[in-house]
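Source file: my_file07.csv; contents: CSV, C-alpha atoms.
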chain,number,residue,atom,x,y,z
A,660,MET,CA,-25.4,58.4,-42.1
A,661,LYS,CA,-25.4,54.6,-41.8
A,662,SER,CA,-22.7,54.2,-44.4
A,663,LYS,CA,-20.4,56.7,-42.6
A,664,PHE,CA,-20.8,54.7,-39.4
A,665,ILE,CA,-19.8,51.5,-41.2
A,666,VAL,CA,-16.8,53.2,-42.7
A,667,PHE,CA,-15.8,54.5,-39.2
A,668,CYS,CA,-16.0,51.0,-37.7
A,669,LEU,CA,-13.9,49.5,-40.5
A,670,ALA,CA,-11.3,52.2,-40.0
A,671,LEU,CA,-11.2,51.5,-36.3
A,672,VAL,CA,-10.7,47.8,-36.8
A,673,PHE,CA,-7.9,48.3,-39.3
A,674,SER,CA,-6.2,50.8,-36.9
A,675,ILE,CA,-6.3,48.3,-34.0
A,676,ALA,CA,-4.9,45.5,-36.2
A,677,PHE,CA,-2.1,47.8,-37.4
A,678,VAL,CA,-1.2,48.8,-33.8
A,679,GLU,CA,-1.1,45.1,-32.7
A,680,ALA,CA,1.0,44.1,-35.6
A,681,GLN,CA,3.4,46.9,-34.8
A,682,THR,CA,3.5,45.8,-31.2
A,683,TYR,CA,4.2,42.1,-32.0
A,684,SER,CA,6.8,43.0,-34.6
A,685,SER,CA,8.7,45.1,-32.0
A,686,ILE,CA,9.3,42.0,-29.7
A,687,PRO,CA,12.7,40.5,-30.5
A,688,PRO,CA,12.7,36.8,-31.4
A,689,LYS,CA,13.7,34.4,-28.6
A,690,GLU,CA,17.4,33.6,-28.6
A,691,SER,CA,18.3,30.0,-29.3
A,692,PRO,CA,19.7,28.1,-26.3
A,693,MET,CA,23.4,27.5,-26.2
A,694,PRO,CA,24.3,24.2,-27.8
A,695,MET,CA,25.1,21.5,-25.3
A,696,LYS,CA,28.7,20.3,-25.0
A,697,PRO,CA,29.9,17.1,-23.3
A,698,GLU,CA,31.8,19.0,-20.6
A,699,MET,CA,28.6,20.9,-19.5
A,700,THR,CA,27.4,17.7,-17.8
A,701,GLU,CA,30.7,16.6,-16.3
A,702,ILE,CA,31.2,16.9,-12.5
A,703,TRP,CA,34.9,16.9,-11.5
A,704,GLU,CA,34.9,18.2,-7.9
A,705,PRO,CA,35.0,16.9,-5.3
A,706,GLU,CA,36.8,13.8,-6.4
A,707,VAL,CA,35.3,10.5,-5.4
A,708,GLU,CA,37.1,9.0,-2.4
A,709,VAL,CA,39.2,5.9,-3.1
A,710,VAL,CA,38.5,2.7,-1.2
A,711,THR,CA,40.6,-0.4,-1.7
A,712,PRO,CA,38.5,-3.5,-2.1
A,713,ALA,CA,39.6,-6.7,-0.4
A,714,LYS,CA,41.6,-9.3,-2.5
A,715,VAL,CA,39.2,-12.0,-1.4
A,716,LEU,CA,35.4,-11.4,-1.9
A,717,GLY,CA,33.8,-11.0,1.5
A,718,ASP,CA,36.8,-9.7,3.3
A,719,ALA,CA,36.8,-6.1,4.6
A,720,PRO,CA,37.6,-3.2,2.3
A,721,SER,CA,40.0,-0.5,3.4
A,722,ASP,CA,37.4,1.8,5.0
A,723,ALA,CA,35.6,-0.9,7.0
A,724,ILE,CA,35.3,-1.1,10.8
A,725,ILE,CA,36.5,-4.6,11.9
A,726,LEU,CA,34.0,-5.8,14.5
A,727,PHE,CA,35.4,-9.4,14.7
A,728,ASP,CA,38.4,-11.0,13.0
A,729,GLY,CA,38.5,-14.2,15.0
A,730,LYS,CA,41.2,-13.1,17.5
A,731,ASN,CA,39.3,-11.4,20.3
A,732,LEU,CA,36.0,-9.8,21.3
A,733,ASP,CA,37.4,-6.4,22.1
A,734,GLN,CA,34.7,-4.6,20.1
A,735,TRP,CA,31.9,-6.4,22.0
A,736,VAL,CA,30.4,-6.3,25.5
A,737,SER,CA,27.7,-8.3,27.4
A,738,GLN,CA,24.2,-7.3,26.3
A,739,ASN,CA,23.1,-7.8,29.9
A,740,ASP,CA,25.7,-5.5,31.3
A,741,ASN,CA,27.8,-3.3,28.9
A,742,SER,CA,30.4,-2.8,31.6
A,743,LYS,CA,31.4,-6.4,31.3
A,744,ALA,CA,33.3,-8.3,28.6
A,745,ALA,CA,31.4,-10.3,26.0
A,746,PRO,CA,30.9,-13.8,27.5
A,747,TRP,CA,31.1,-15.9,24.3
A,748,LYS,CA,34.1,-18.0,23.6
A,749,ILE,CA,36.8,-17.8,20.8
A,750,VAL,CA,37.4,-21.1,19.0
A,751,ASP,CA,40.7,-21.9,17.2
A,752,ASN,CA,41.6,-18.2,16.9
A,753,ASP,CA,39.1,-18.2,14.0
A,754,HIS,CA,35.5,-17.8,15.1
A,755,MET,CA,33.4,-17.2,18.2
A,756,GLU,CA,30.6,-19.4,19.5
A,757,VAL,CA,27.6,-18.6,21.6
A,758,VAL,CA,27.8,-19.7,25.2
A,759,PRO,CA,24.1,-20.7,25.8
A,760,GLY,CA,22.6,-19.0,28.7
A,761,SER,CA,25.2,-16.3,29.0
A,762,GLY,CA,23.2,-13.7,27.1
A,763,GLY,CA,23.7,-11.8,23.9
A,764,ILE,CA,26.6,-9.6,23.0
A,765,SER,CA,26.5,-6.0,21.7
A,766,THR,CA,29.0,-3.8,19.9
A,767,LYS,CA,30.7,-1.0,21.9
A,768,MET,CA,30.1,1.4,19.0
A,769,LYS,CA,26.8,2.6,17.8
A,770,PHE,CA,25.6,2.7,14.2
A,771,GLY,CA,22.8,3.9,12.0
A,772,ASP,CA,22.9,3.5,8.2
A,773,CYS,CA,25.5,0.9,7.3
A,774,GLN,CA,26.8,-1.9,5.1
A,775,LEU,CA,27.3,-5.0,7.3
A,776,HIS,CA,29.0,-8.3,6.5
A,777,ILE,CA,28.7,-11.2,8.9
A,778,GLU,CA,29.4,-14.9,8.5
A,779,PHE,CA,27.7,-17.6,10.6
A,780,SER,CA,27.4,-21.3,11.0
A,781,ALA,CA,24.9,-23.6,12.7
A,782,PRO,CA,26.1,-25.7,15.6
A,783,ASP,CA,28.3,-28.6,14.6
A,784,ILE,CA,25.8,-31.1,16.0
A,785,VAL,CA,22.3,-30.8,14.5
A,786,GLU,CA,19.7,-30.9,17.2
A,787,SER,CA,16.0,-30.1,17.6
A,788,GLU,CA,13.9,-28.6,14.8
A,789,SER,CA,12.1,-25.4,13.7
A,790,GLN,CA,13.1,-22.5,15.9
A,791,GLY,CA,15.3,-24.7,18.1
A,792,ARG,CA,18.0,-25.3,15.4
A,793,GLY,CA,20.9,-22.9,15.3
A,794,ASN,CA,18.8,-19.9,16.4
A,795,SER,CA,20.3,-16.5,16.8
A,796,GLY,CA,19.8,-13.1,15.3
A,797,VAL,CA,21.4,-9.8,14.3
A,798,PHE,CA,19.6,-6.8,15.9
A,799,LEU,CA,20.3,-3.6,14.0
A,800,GLN,CA,20.2,-0.5,16.2
A,801,ASN,CA,19.4,-3.0,19.0
A,802,ARG,CA,15.8,-3.2,17.8
A,803,TYR,CA,15.3,-4.7,14.3
A,804,GLU,CA,16.1,-8.4,13.9
A,805,LEU,CA,17.6,-10.1,10.9
A,806,GLN,CA,17.0,-13.8,11.8
A,807,ILE,CA,19.7,-16.4,12.0
A,808,LEU,CA,18.6,-20.0,12.0
A,809,ASP,CA,19.6,-23.3,10.6
A,810,SER,CA,17.0,-23.4,7.8
A,811,TYR,CA,18.7,-26.2,5.9
A,812,ASN,CA,16.0,-28.9,5.5
A,813,ASN,CA,14.3,-27.5,8.6
A,814,ARG,CA,10.7,-26.3,8.2
A,815,THR,CA,9.5,-23.3,10.3
A,816,TYR,CA,7.2,-20.3,9.8
A,817,ARG,CA,8.3,-18.4,6.7
A,818,ASN,CA,8.8,-15.1,8.5
A,819,GLY,CA,10.9,-16.7,11.1
A,820,GLN,CA,13.4,-18.7,9.0
A,821,ALA,CA,17.0,-17.7,8.1
A,822,ALA,CA,17.3,-14.2,6.5
A,823,SER,CA,13.8,-13.2,7.5
A,824,ILE,CA,13.1,-9.8,9.1
A,825,TYR,CA,11.8,-11.7,12.1
A,826,LYS,CA,8.0,-11.8,12.3
A,827,ASP,CA,7.9,-9.1,9.5
A,828,HIS,CA,9.2,-10.2,6.1
A,829,ALA,CA,10.0,-13.7,4.9
A,830,PRO,CA,13.1,-14.0,2.6
A,831,LEU,CA,12.5,-14.2,-1.1
A,832,VAL,CA,14.2,-17.7,-1.2
A,833,ASN,CA,15.9,-20.1,1.3
A,834,ALA,CA,19.7,-19.9,0.4
A,835,MET,CA,20.9,-21.7,3.5
A,836,ARG,CA,23.9,-24.0,3.4
A,837,GLY,CA,24.3,-27.2,5.3
A,838,PRO,CA,25.1,-27.2,9.1
A,839,LEU,CA,28.8,-27.7,8.7
A,840,GLU,CA,29.2,-24.9,6.2
A,841,TRP,CA,29.6,-21.2,6.6
A,842,ASN,CA,26.9,-18.7,5.5
A,843,SER,CA,27.2,-15.0,4.9
A,844,TYR,CA,24.9,-12.0,5.1
A,845,ASP,CA,25.7,-8.9,3.2
A,846,VAL,CA,23.4,-6.2,4.5
A,847,ILE,CA,22.6,-2.6,3.3
A,848,TYR,CA,20.6,-1.0,6.1
A,849,ARG,CA,19.0,2.4,6.2
A,850,ALA,CA,17.9,3.5,9.6
A,851,PRO,CA,14.4,5.0,10.3
A,852,ARG,CA,14.0,8.8,10.2
A,853,PHE,CA,12.2,10.8,12.8
A,854,LYS,CA,10.8,14.3,12.7
A,855,GLU,CA,11.8,17.0,15.3
A,856,ASP,CA,8.8,16.2,17.4
A,857,GLY,CA,9.8,12.5,17.6
A,858,THR,CA,7.2,11.2,15.2
A,859,LEU,CA,8.1,8.8,12.5
A,860,ASP,CA,9.1,10.3,9.2
A,861,ALA,CA,10.4,7.2,7.3
A,862,LYS,CA,10.6,3.6,8.2
A,863,ALA,CA,13.9,1.6,8.1
A,864,THR,CA,14.7,-0.4,5.0
A,865,ILE,CA,17.0,-3.3,4.5
A,866,THR,CA,18.6,-5.2,1.6
A,867,VAL,CA,20.2,-8.6,2.3
A,868,LEU,CA,22.2,-11.0,0.2
A,869,HIS,CA,22.4,-14.5,1.8
A,870,ASN,CA,25.4,-16.4,0.4
A,871,GLY,CA,25.3,-14.0,-2.5
A,872,VAL,CA,21.6,-14.5,-3.2
A,873,LEU,CA,19.3,-11.5,-2.9
A,874,VAL,CA,16.7,-12.4,-0.2
A,875,GLN,CA,15.5,-9.0,1.0
A,876,ASN,CA,15.1,-6.4,-1.7
A,877,ASN,CA,14.9,-3.0,-0.1
A,878,SER,CA,12.3,-4.3,2.4
A,879,VAL,CA,10.5,-1.9,4.6
A,880,ILE,CA,11.0,-2.8,8.3
A,881,ASN,CA,7.6,-2.2,10.0
A,882,GLY,CA,9.0,-1.5,13.5
A,883,ILE,CA,10.8,-3.0,16.5
A,884,THR,CA,10.9,-6.8,16.5
A,885,TYR,CA,8.4,-8.3,18.9
A,886,TYR,CA,7.9,-12.0,19.5
A,887,ILE,CA,4.3,-11.4,20.3
A,888,GLY,CA,2.3,-8.6,18.6
A,889,LEU,CA,2.6,-6.3,15.7
A,890,HIS,CA,5.8,-4.3,15.1
A,891,ASP,CA,5.8,-0.6,15.5
A,892,TYR,CA,7.9,2.5,16.1
A,893,PRO,CA,6.9,3.6,19.7
A,894,GLU,CA,9.6,6.2,20.1
A,895,SER,CA,12.3,8.0,18.2
A,896,HIS,CA,16.0,7.0,18.5
A,897,GLY,CA,19.4,7.6,17.0
A,898,ASP,CA,22.3,5.4,16.3
A,899,ASP,CA,22.6,2.3,18.5
A,900,VAL,CA,24.5,-0.9,19.0
A,901,ILE,CA,24.4,-4.1,17.0
A,902,THR,CA,23.4,-7.1,19.1
A,903,LEU,CA,23.9,-10.8,18.4
A,904,GLN,CA,21.4,-13.0,20.2
A,905,ASP,CA,21.9,-15.9,22.6
A,906,HIS,CA,18.9,-18.1,21.8
A,907,GLY,CA,20.3,-21.2,23.6
A,908,ASN,CA,22.2,-22.6,20.6
A,909,LYS,CA,25.9,-22.8,19.9
A,910,THR,CA,25.7,-20.7,16.8
A,911,GLN,CA,29.1,-19.6,15.5
A,912,PHE,CA,30.3,-16.3,13.9
A,913,ARG,CA,33.3,-15.0,12.1
A,914,ASN,CA,34.5,-12.2,9.8
A,915,ILE,CA,32.2,-9.4,10.9
A,916,TRP,CA,32.8,-5.9,9.5
A,917,LEU,CA,30.9,-2.8,8.8
A,918,ARG,CA,31.0,0.4,6.8
A,919,LYS,CA,29.1,3.5,7.9
A,920,LEU,CA,27.0,5.0,5.1
Just give me the structure as structure tokens.
Amino acid sequence: MKSKFIVFCLALVFSIAFVEAQTYSSIPPKESPMPMKPEMTEIWEPEVEVVTPAKVLGDAPSDAIILFDGKNLDQWVSQNDNSKAAPWKIVDNDHMEVVPGSGGISTKMKFGDCQLHIEFSAPDIVESESQGRGNSGVFLQNRYELQILDSYNNRTYRNGQAASIYKDHAPLVNAMRGPLEWNSYDVIYRAPRFKEDGTLDAKATITVLHNGVLVQNNSVINGITYYIGLHDYPESHGDDVITLQDHGNKTQFRNIWLRKL
């Protein structure tokens, strides 16, 4: 009886194995993927928009918004009263100069993400020291300051010198030229993002080349610029004006243009 049971078990095992083998053999082999061809990874449409670069490096490309070309301040208004004309003066049909005590000036247009080019010079006569020399600032979205200062042989706190994100990030290096020379900032700015409920989703970031030298490398802006206290994002906002600061010095500006990103 025992031998018959063993024979039965062996027969059952062989039967199951035979059925499984038949089942697996009935599954067709996987098809080999189609061989890749060069054109399978080529994207042709839509065609990339053509922009004509300037003939002189630093001048505006064909798609730029000209904010100041030396001739007039038509794109600017008084920061104190945007119904009034910008109170700074044009010099030699070439550049504008801060009129100390008149207040800052702001663009008529509002911007968010952008590429900005701006050239500036310290006052012709070198006076004072630290924050008292050639002080001004570029406020992106009217809130976040990229510092302008005569930092040529002029010691001050590192997060307040030229090309700093004021009281936030010091520049990587000091690339300032002498007081009688022109400086340039080339800025790539990404505005902060806010959720539908108004809370912060992503902080603003900024990359800055000062006279062609990288000084802010995708730096995270930690909030609105305050002279006293930590920076933060107290409320959501959209596009806003760019403001140039009157800090009591005759700082000069020329060749300001912007591309929306």
_Spatial neighbours of stretch 772-779 of chain A, max dist 10 Å, only C-alpha atoms, sep filter under 2 positions, as a VMD selection string_ = chain A and resid 717 to 719 723 to 727 754 to 756 770 781 to 782 793 795 797 799 to 800 807 to 809 840 to 851 863 to 870 898 910 to 920
*Take atom CA of A:Val874 and atom CA of A:Asn812 and report the distance between them in Å, one decimal.*
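Separating atom CA of A:Val874 from atom CA of A:Asn812 is a distance of 17.5 Å.
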_As an exercise, work out the distance from atom CA of A:Tyr825 to atom CA of A:Val872 in Å and give it to one decimal place._
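Between atom CA of A:Tyr825 and atom CA of A:Val872 the gap works out to 18.4 Å.
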*Pick from A:Leu889, A:Glu894, A:Ser742, A:Asn813 nearest to A:Glu786, counting only C-alpha atoms*: A:Asn813
*To one decimal place, how far is atom CA of A:Lys909 from atom CA of A:Asp783 in Å?*
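Calculated distance between atom CA of A:Lys909 and atom CA of A:Asp783 is 8.2 Å.
Nearest to A:Ser780 of all the residues A:Thr766, A:Ser878, A:Ser810, A:Gln734 is A:Ser810, based on only C-alpha atoms.
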*Using only C-alpha atoms, find the one residue out of A:Gly729, A:Gly763, A:Gly857, A:Pro694 that sits nearest to A:Asn741.*
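Checking each of A:Gly729, A:Gly763, A:Gly857, A:Pro694 against A:Asn741, counting only C-alpha atoms, the winner is A:Gly763.
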*Spatial sel., origin (12.3, -15.4, 7.2), limit 10 Å, only C-alpha atoms, listed as JSON, numbers by chain*: {"A": [805, 806, 807, 808, 810, 815, 816, 817, 818, 819, 820, 821, 822, 823, 824, 825, 826, 827, 828, 829, 830, 831, 832, 833, 874, 875]}
*Looking at all atoms listed in the file, which of A:Asn801, A:Leu873, A:Gly762, A:Gly897 is the one that sits closest to A:Phe853?*
A:Gly897
*Take the point (8.3, 1.7, 21.4) as written in the file and pick out every residue within 12 Å of it, counting only C-alpha atoms; give the list as a PyMOL selection string.*
chain A and resi 802-803+857-859+882-885+889-896
_Between A:Val785, A:Met768, A:Val709, A:Val736, which residue has the minimum interatomic distance to A:Leu839, considering all atoms listed in the file?_
A:Val785
